[in-house]
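K.L.:
The structure file upload38.cif (mmCIF, C-alpha atoms) is provided below.
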```cif
data_final
loop_
_atom_site.group_PDB
_atom_site.id
_atom_site.type_symbol
_atom_site.label_atom_id
_atom_site.label_comp_id
_atom_site.auth_asym_id
_atom_site.auth_seq_id
_atom_site.Cartn_x
_atom_site.Cartn_y
_atom_site.Cartn_z
ATOM 1 C CA MET P 2 53.204 121.342 134.704
ATOM 2 C CA PHE P 3 51.698 117.940 134.009
ATOM 3 C CA ARG P 4 50.262 116.284 137.070
ATOM 4 C CA GLY P 5 48.446 112.996 137.429
ATOM 5 C CA LEU P 6 45.373 112.041 139.370
ATOM 6 C CA LEU P 7 44.549 108.583 140.594
ATOM 7 C CA LEU P 8 40.861 108.159 139.836
ATOM 8 C CA LEU P 9 39.693 104.750 141.001
ATOM 9 C CA GLY P 10 42.853 103.145 139.731
ATOM 10 C CA ILE P 11 42.987 105.104 136.478
ATOM 11 C CA VAL P 12 45.844 107.533 136.008
ATOM 12 C CA THR P 13 44.711 110.565 134.034
ATOM 13 C CA ALA P 14 46.093 113.892 132.921
ATOM 14 C CA CYS P 15 44.479 116.635 134.981
ATOM 15 C CA SER P 16 46.429 119.582 133.921
ATOM 16 C CA VAL P 17 47.890 119.576 130.477
ATOM 17 C CA SER P 18 51.485 120.610 129.793
ATOM 18 C CA ALA P 19 52.306 122.857 126.842
ATOM 19 C CA ASN P 20 53.257 119.774 124.807
ATOM 20 C CA GLN P 21 49.989 118.035 125.727
ATOM 21 C CA ASN P 22 48.102 121.238 124.831
ATOM 22 C CA GLU P 23 49.728 121.227 121.399
ATOM 23 C CA LYS P 24 48.749 117.592 120.925
ATOM 24 C CA LEU P 25 45.158 118.310 121.992
ATOM 25 C CA VAL P 26 44.905 121.237 119.563
ATOM 26 C CA ALA P 27 46.374 119.088 116.774
ATOM 27 C CA ALA P 28 43.856 116.332 117.579
ATOM 28 C CA ALA P 29 40.987 118.850 117.538
ATOM 29 C CA MET P 30 42.169 120.274 114.206
ATOM 30 C CA GLU P 31 42.407 116.734 112.819
ATOM 31 C CA ARG P 32 38.693 116.251 113.619
ATOM 32 C CA LEU P 33 38.014 118.760 110.813
ATOM 33 C CA ASN P 34 39.044 116.083 108.308
ATOM 34 C CA HIS P 35 36.102 113.833 109.223
ATOM 35 C CA GLN P 36 32.657 113.874 107.662
ATOM 36 C CA VAL P 37 30.316 113.535 110.635
ATOM 37 C CA ARG P 38 26.534 113.653 110.558
ATOM 38 C CA TYR P 39 25.120 115.273 113.679
ATOM 39 C CA ASP P 40 23.344 112.488 115.560
ATOM 40 C CA GLY P 41 22.898 112.327 119.319
ATOM 41 C CA ALA P 42 20.946 109.052 119.323
ATOM 42 C CA TYR P 43 21.441 106.703 122.239
ATOM 43 C CA VAL P 44 23.801 103.885 121.232
ATOM 44 C CA ASN P 45 24.977 100.854 123.220
ATOM 45 C CA LEU P 46 28.753 101.200 123.365
ATOM 46 C CA ASP P 47 31.662 98.914 124.088
ATOM 47 C CA TYR P 48 33.380 99.734 127.362
ATOM 48 C CA PRO P 49 35.967 101.108 127.835
ATOM 49 C CA MET P 50 36.925 103.127 124.720
ATOM 50 C CA GLY P 51 33.432 102.763 123.235
ATOM 51 C CA ASP P 52 32.428 105.189 120.511
ATOM 52 C CA VAL P 53 29.437 105.861 118.317
ATOM 53 C CA PRO P 54 29.955 105.125 114.594
ATOM 54 C CA ALA P 55 32.723 107.349 113.199
ATOM 55 C CA GLN P 56 30.394 109.035 110.709
ATOM 56 C CA THR P 57 28.092 110.288 113.486
ATOM 57 C CA GLY P 58 28.577 112.502 116.514
ATOM 58 C CA VAL P 59 27.686 115.595 118.489
ATOM 59 C CA CYS P 60 29.658 118.400 120.141
ATOM 60 C CA THR P 61 30.848 116.211 123.012
ATOM 61 C CA ASP P 62 32.242 113.678 120.555
ATOM 62 C CA VAL P 63 34.689 116.330 119.300
ATOM 63 C CA ILE P 64 36.026 116.578 122.859
ATOM 64 C CA ILE P 65 35.966 112.811 123.465
ATOM 65 C CA ARG P 66 37.664 111.913 120.183
ATOM 66 C CA SER P 67 40.281 114.661 120.492
ATOM 67 C CA TYR P 68 41.307 113.562 123.990
ATOM 68 C CA ARG P 69 41.398 109.924 122.897
ATOM 69 C CA GLN P 70 44.271 110.907 120.614
ATOM 70 C CA LEU P 71 46.119 111.718 123.860
ATOM 71 C CA GLY P 72 45.177 108.349 125.384
ATOM 72 C CA ILE P 73 42.440 109.805 127.616
ATOM 73 C CA ASP P 74 39.112 107.949 127.627
ATOM 74 C CA PHE P 75 36.330 110.171 128.943
ATOM 75 C CA GLN P 76 33.840 107.324 128.631
ATOM 76 C CA GLN P 77 35.681 105.413 131.340
ATOM 77 C CA LEU P 78 36.756 108.415 133.420
ATOM 78 C CA VAL P 79 33.301 110.002 133.546
ATOM 79 C CA HIS P 80 31.585 106.660 134.121
ATOM 80 C CA GLU P 81 33.878 105.709 137.008
ATOM 81 C CA ASP P 82 33.525 109.146 138.598
ATOM 82 C CA ILE P 83 29.733 109.176 138.261
ATOM 83 C CA LYS P 84 29.608 105.652 139.732
ATOM 84 C CA ALA P 85 31.561 106.807 142.765
ATOM 85 C CA ASN P 86 29.959 110.282 143.046
ATOM 86 C CA PHE P 87 26.530 110.076 141.427
ATOM 87 C CA ASN P 88 25.082 113.007 143.379
ATOM 88 C CA GLN P 89 27.877 115.297 142.145
ATOM 89 C CA TYR P 90 26.491 115.012 138.614
ATOM 90 C CA PRO P 91 23.236 116.399 137.164
ATOM 91 C CA SER P 92 22.010 112.991 135.915
ATOM 92 C CA ARG P 93 19.114 112.726 138.361
ATOM 93 C CA ARG P 94 18.126 116.403 138.187
ATOM 94 C CA ILE P 95 18.238 116.824 134.403
ATOM 95 C CA TRP P 96 17.482 113.355 133.015
ATOM 96 C CA GLY P 97 15.789 111.638 135.962
ATOM 97 C CA LEU P 98 18.382 108.867 136.075
ATOM 98 C CA THR P 99 18.977 106.759 139.169
ATOM 99 C CA ARG P 100 22.322 105.253 138.148
ATOM 100 C CA PRO P 101 25.246 105.878 135.784
ATOM 101 C CA ASP P 102 25.009 104.880 132.131
ATOM 102 C CA LYS P 103 28.336 104.121 130.411
ATOM 103 C CA ASN P 104 26.699 104.527 127.006
ATOM 104 C CA ILE P 105 25.700 108.192 127.288
ATOM 105 C CA ASP P 106 26.998 109.929 130.433
ATOM 106 C CA HIS P 107 30.243 111.139 128.812
ATOM 107 C CA ARG P 108 28.335 112.406 125.750
ATOM 108 C CA ARG P 109 26.322 114.956 127.753
ATOM 109 C CA VAL P 110 27.701 118.485 128.129
ATOM 110 C CA PRO P 111 26.496 118.990 131.748
ATOM 111 C CA ASN P 112 28.280 115.797 132.789
ATOM 112 C CA LEU P 113 31.517 116.882 131.115
ATOM 113 C CA GLN P 114 31.188 120.250 132.867
ATOM 114 C CA ALA P 115 30.808 118.484 136.225
ATOM 115 C CA PHE P 116 33.784 116.250 135.458
ATOM 116 C CA PHE P 117 36.010 119.167 134.432
ATOM 117 C CA LYS P 118 35.019 121.099 137.559
ATOM 118 C CA ARG P 119 35.884 118.083 139.702
ATOM 119 C CA HIS P 120 39.100 116.977 137.986
ATOM 120 C CA GLY P 121 40.393 119.813 135.823
ATOM 121 C CA GLN P 122 40.739 123.523 136.311
ATOM 122 C CA SER P 123 37.727 125.830 136.192
ATOM 123 C CA ILE P 124 38.928 129.112 134.716
ATOM 124 C CA LYS P 125 37.172 132.418 135.258
ATOM 125 C CA ILE P 126 34.772 133.293 132.446
ATOM 126 C CA THR P 127 35.540 136.715 130.976
ATOM 127 C CA ASN P 128 34.762 138.669 127.833
ATOM 128 C CA LEU P 129 38.485 139.078 127.106
ATOM 129 C CA ALA P 130 39.755 136.929 124.243
ATOM 130 C CA LYS P 131 43.272 136.923 125.730
ATOM 131 C CA ASP P 132 41.990 134.819 128.656
ATOM 132 C CA TYR P 133 41.224 131.849 126.394
ATOM 133 C CA GLN P 134 44.189 129.656 125.512
ATOM 134 C CA ALA P 135 44.614 126.996 122.863
ATOM 135 C CA GLY P 136 43.541 123.701 124.417
ATOM 136 C CA ASP P 137 40.937 125.239 126.723
ATOM 137 C CA ILE P 138 37.488 123.665 126.766
ATOM 138 C CA ILE P 139 34.572 126.096 126.550
ATOM 139 C CA SER P 140 30.885 125.389 127.121
ATOM 140 C CA TRP P 141 27.983 127.612 126.092
ATOM 141 C CA MET P 142 24.210 127.777 126.370
ATOM 142 C CA VAL P 143 22.745 128.046 122.869
ATOM 143 C CA ASN P 144 19.315 129.655 122.497
ATOM 144 C CA GLY P 145 18.850 129.643 126.256
ATOM 145 C CA ASN P 146 18.482 125.886 126.693
ATOM 146 C CA LEU P 147 20.956 123.867 124.592
ATOM 147 C CA PRO P 148 24.314 123.107 126.214
ATOM 148 C CA HIS P 149 27.238 123.121 123.789
ATOM 149 C CA ILE P 150 30.995 122.498 124.091
ATOM 150 C CA GLY P 151 34.140 123.015 122.003
ATOM 151 C CA ILE P 152 37.928 123.330 122.057
ATOM 152 C CA VAL P 153 39.919 126.554 121.692
ATOM 153 C CA VAL P 154 42.629 126.168 119.037
ATOM 154 C CA ASN P 155 45.700 128.147 117.984
ATOM 155 C CA LYS P 156 44.081 129.770 114.935
ATOM 156 C CA ARG P 157 42.748 133.335 115.099
ATOM 157 C CA SER P 158 39.614 135.015 113.799
ATOM 158 C CA ALA P 159 39.849 136.944 110.498
ATOM 159 C CA ASP P 160 40.433 140.176 112.441
ATOM 160 C CA GLY P 161 43.027 138.456 114.659
ATOM 161 C CA LYS P 162 41.152 139.345 117.844
ATOM 162 C CA ARG P 163 39.747 136.005 118.991
ATOM 163 C CA PRO P 164 40.897 132.383 119.109
ATOM 164 C CA MET P 165 38.930 130.024 116.894
ATOM 165 C CA ILE P 166 36.934 127.062 118.188
ATOM 166 C CA VAL P 167 36.661 123.487 116.902
ATOM 167 C CA HIS P 168 33.162 122.215 117.627
ATOM 168 C CA ASN P 169 30.153 120.436 116.149
ATOM 169 C CA ILE P 170 26.955 122.437 116.387
ATOM 170 C CA GLY P 171 25.078 120.454 113.763
ATOM 171 C CA ARG P 172 27.202 120.497 110.619
ATOM 172 C CA GLY P 173 29.963 118.140 111.719
ATOM 173 C CA PRO P 174 33.306 119.246 113.160
ATOM 174 C CA GLU P 175 34.130 122.780 112.076
ATOM 175 C CA LEU P 176 36.530 125.623 112.815
ATOM 176 C CA GLU P 177 34.613 128.770 113.674
ATOM 177 C CA ASP P 178 35.012 132.234 115.156
ATOM 178 C CA MET P 179 32.308 131.747 117.786
ATOM 179 C CA LEU P 180 33.937 132.178 121.198
ATOM 180 C CA PHE P 181 31.542 134.955 122.222
ATOM 181 C CA LYS P 182 28.617 134.008 119.975
ATOM 182 C CA TYR P 183 26.635 132.422 122.842
ATOM 183 C CA PRO P 184 26.722 132.870 126.624
ATOM 184 C CA ILE P 185 29.727 131.010 128.018
ATOM 185 C CA THR P 186 28.803 128.646 130.862
ATOM 186 C CA GLY P 187 32.184 127.032 131.499
ATOM 187 C CA HIS P 188 35.888 127.534 130.845
ATOM 188 C CA TYR P 189 38.129 124.565 131.686
ATOM 189 C CA ARG P 190 41.655 123.233 131.358
ATOM 190 C CA TYR P 191 42.247 119.522 131.606
#
```
Please rewrite the model in this file as structure tokens.
P.N.:
Amino acid sequence: MFRGLLLLGIVTACSVSANQNEKLVAAAMERLNHQVRYDGAYVNLDYPMGDVPAQTGVCTDVIIRSYRQLGIDFQQLVHEDIKANFNQYPSRRIWGLTRPDKNIDHRRVPNLQAFFKRHGQSIKITNLAKDYQAGDIISWMVNGNLPHIGIVVNKRSADGKRPMIVHNIGRGPELEDMLFKYPITGHYRY
């Protein structure tokens, strides 16, 4: 069931209906058509709906750009929530920040994790592929210290056992069988 949340005057989709899930998966799959050079450089962005140049991006930009196809602007949603609840986010602890930054906050995996925990559904992390549905957002810890994030889609691994993931781990948006490749740190529905 689709339900809305009033977040500082912004109506957002918190829980995605089956139709919205299909649209999110289609938007994630569409990201595969874009040539994107991995670049996490700090960029001054327009606000709201600001984006780094289309030919650049990181893992979070796959999430941000996919949801924008559904009319959801994580730049604005994350910024407004961090402004109102700064201590609920890891900005001070991880990056030493003292205030929100509309240019980068939404492009950081730990901030998206905090946002999804606050405004989406946190789903139990398991080692069972059947527990991961198309449209779910998964975060991982790569090499013990690099947060990463991607979207579960409705394609299956070559052996049919696992759902595939659309993500950008350095080679641009790609479809990969990597659900259990790294330790999972978050499993969300939004």
K.L.:
Find the residue from P:Met165, P:Leu176, P:Leu78, P:Val59 that sits nearest to His149 of chain P; use only C-alpha atoms when measuring.
P.N.:
P:Val59
K.L.:
Identify, on the basis of all atoms listed in the file, every residue whose closest approach to Ile150 of chain P does not exceed 7 Å; exclude the query and any residue fewer than 2 positions from it along the same chain; express the result as a PyMOL selection string.
P.N.:
chain P and resi 60-61+110+139-141+168
K.L.:
Could you pull the residues within 10 Å of segment 22-29 of chain P, counting all atoms listed in the file, minus those fewer than 6 positions along the same chain, as an NGL selection string?
P.N.:
:P and (16 or 63-71 or 134-137 or 151-156 or 166-168 or 174-176 or 190-191)
K.L.:
Looking at all atoms listed in the file, which of P:Asn169, P:Ala19, P:Asp178, P:Asp52 is the one that sits closest to Gln36 of chain P?
P.N.:
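Among the listed residues, the smallest separation from Gln36 of chain P belongs to P:Asn169.
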K.L.:
Taking the file above as input, evaluate the PyMOL selection byres ((chain P and resi 184) around 9) and report the hits as a list in words.
P.N.:
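This file gives the following for the PyMOL selection byres ((chain P and resi 184) around 9): Ser140, Trp141, Met142, Val143, Gly145, Phe181, Lys182, Tyr183, Ile185 and Thr186 of chain P.
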K.L.:
Between atom CA of Tyr48 of chain P and atom CA of Phe116 of chain P, what distance in Å does the model show, to one decimal?
P.N.:
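Between atom CA of Tyr48 of chain P and atom CA of Phe116 of chain P the gap works out to 18.4 Å.
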K.L.:
Mind telling me what the PyMOL selection byres ((chain P and resi 163) around 8) catches here, as JSON, numbers by chain?
P.N.:
{"P": [130, 131, 157, 158, 160, 161, 162, 164, 165, 178, 180]}
K.L.:
Based on the selection just made, write C-alpha atoms of those residues as a JSON list (two decimals), keeping the file's coordinate frame.
P.N.:
```json
[["chain", "number", "residue", "atom", "x", "y", "z"],
["P", 130, "ALA", "CA", 39.76, 136.93, 124.24],
["P", 131, "LYS", "CA", 43.27, 136.92, 125.73],
["P", 157, "ARG", "CA", 42.75, 133.34, 115.10],
["P", 158, "SER", "CA", 39.61, 135.01, 113.80],
["P", 160, "ASP", "CA", 40.43, 140.18, 112.44],
["P", 161, "GLY", "CA", 43.03, 138.46, 114.66],
["P", 162, "LYS", "CA", 41.15, 139.34, 117.84],
["P", 164, "PRO", "CA", 40.90, 132.38, 119.11],
["P", 165, "MET", "CA", 38.93, 130.02, 116.89],
["P", 178, "ASP", "CA", 35.01, 132.23, 115.16],
["P", 180, "LEU", "CA", 33.94, 132.18, 121.20]]
```
K.L.:
Work out how far atom CA of Ile105 of chain P is from atom CA of Asp47 of chain P, in Å to one decimal.
P.N.:
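Rounded to one decimal, the two atoms are 11.5 Å apart.
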K.L.:
Show me, as a list of chain:residue names, the residues that have an atom within 6 Å of segment 97-104 of chain P when counting all atoms listed in the file, minus same-chain residues fewer than 6 positions from it.
P.N.:
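Returned residues: P:Asn45, P:Leu46, P:His80, P:Lys84.
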K.L.:
Could you turn the residues from that selection into a file that holds C-alpha atoms, as a PDB file, in the coordinates of the input?
P.N.:
```
ATOM      1  CA  ASN P  45      24.977 100.854 123.220  1.00  0.00           C
ATOM      2  CA  LEU P  46      28.753 101.200 123.365  1.00  0.00           C
ATOM      3  CA  HIS P  80      31.585 106.660 134.121  1.00  0.00           C
ATOM      4  CA  LYS P  84      29.608 105.652 139.732  1.00  0.00           C
TER       5      LYS P  84
END
```
K.L.:
Would you compute the distance between atom CA of Pro148 of chain P and atom CA of Arg94 of chain P? Give it in Å to one decimal.
P.N.:
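Computed distance, atom CA of Pro148 of chain P to atom CA of Arg94 of chain P, equals 15.1 Å.
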K.L.:
With all atoms listed in the file as the basis for distance, which of P:Ala42, P:Leu129, P:Leu147, P:Leu33 is at the shortest distance from Pro54 of chain P?
P.N.:
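Among the listed residues, P:Ala42 lies closest to Pro54 of chain P.
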K.L.:
Name the closest residue to His35 of chain P among the candidates P:Ala55, P:Ile83, P:Leu113, P:Met50; distances are taken between atoms, counting only C-alpha atoms.
P.N.:
P:Ala55
K.L.:
Which residue out of P:Tyr43, P:Tyr133, P:Phe75, P:Tyr90 has the minimum interatomic distance to Tyr189 of chain P when all atoms listed in the file are used?
P.N.:
P:Tyr133
K.L.:
Ranking P:Gly187, P:Val53, P:Val37, P:Gln89 by minimum distance to Ile126 of chain P and counting all atoms listed in the file, which one comes first?
P.N.:
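Looking only at the distances to Ile126 of chain P, the closest residue turns out to be P:Gly187.
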K.L.:
If the PyMOL selection byres ((chain P and resi 38) around 9) is run on the structure shown, which residues does it catch, given as a VMD selection string?
P.N.:
chain P and resid 36 to 37 39 to 40 56 to 59 171 to 173
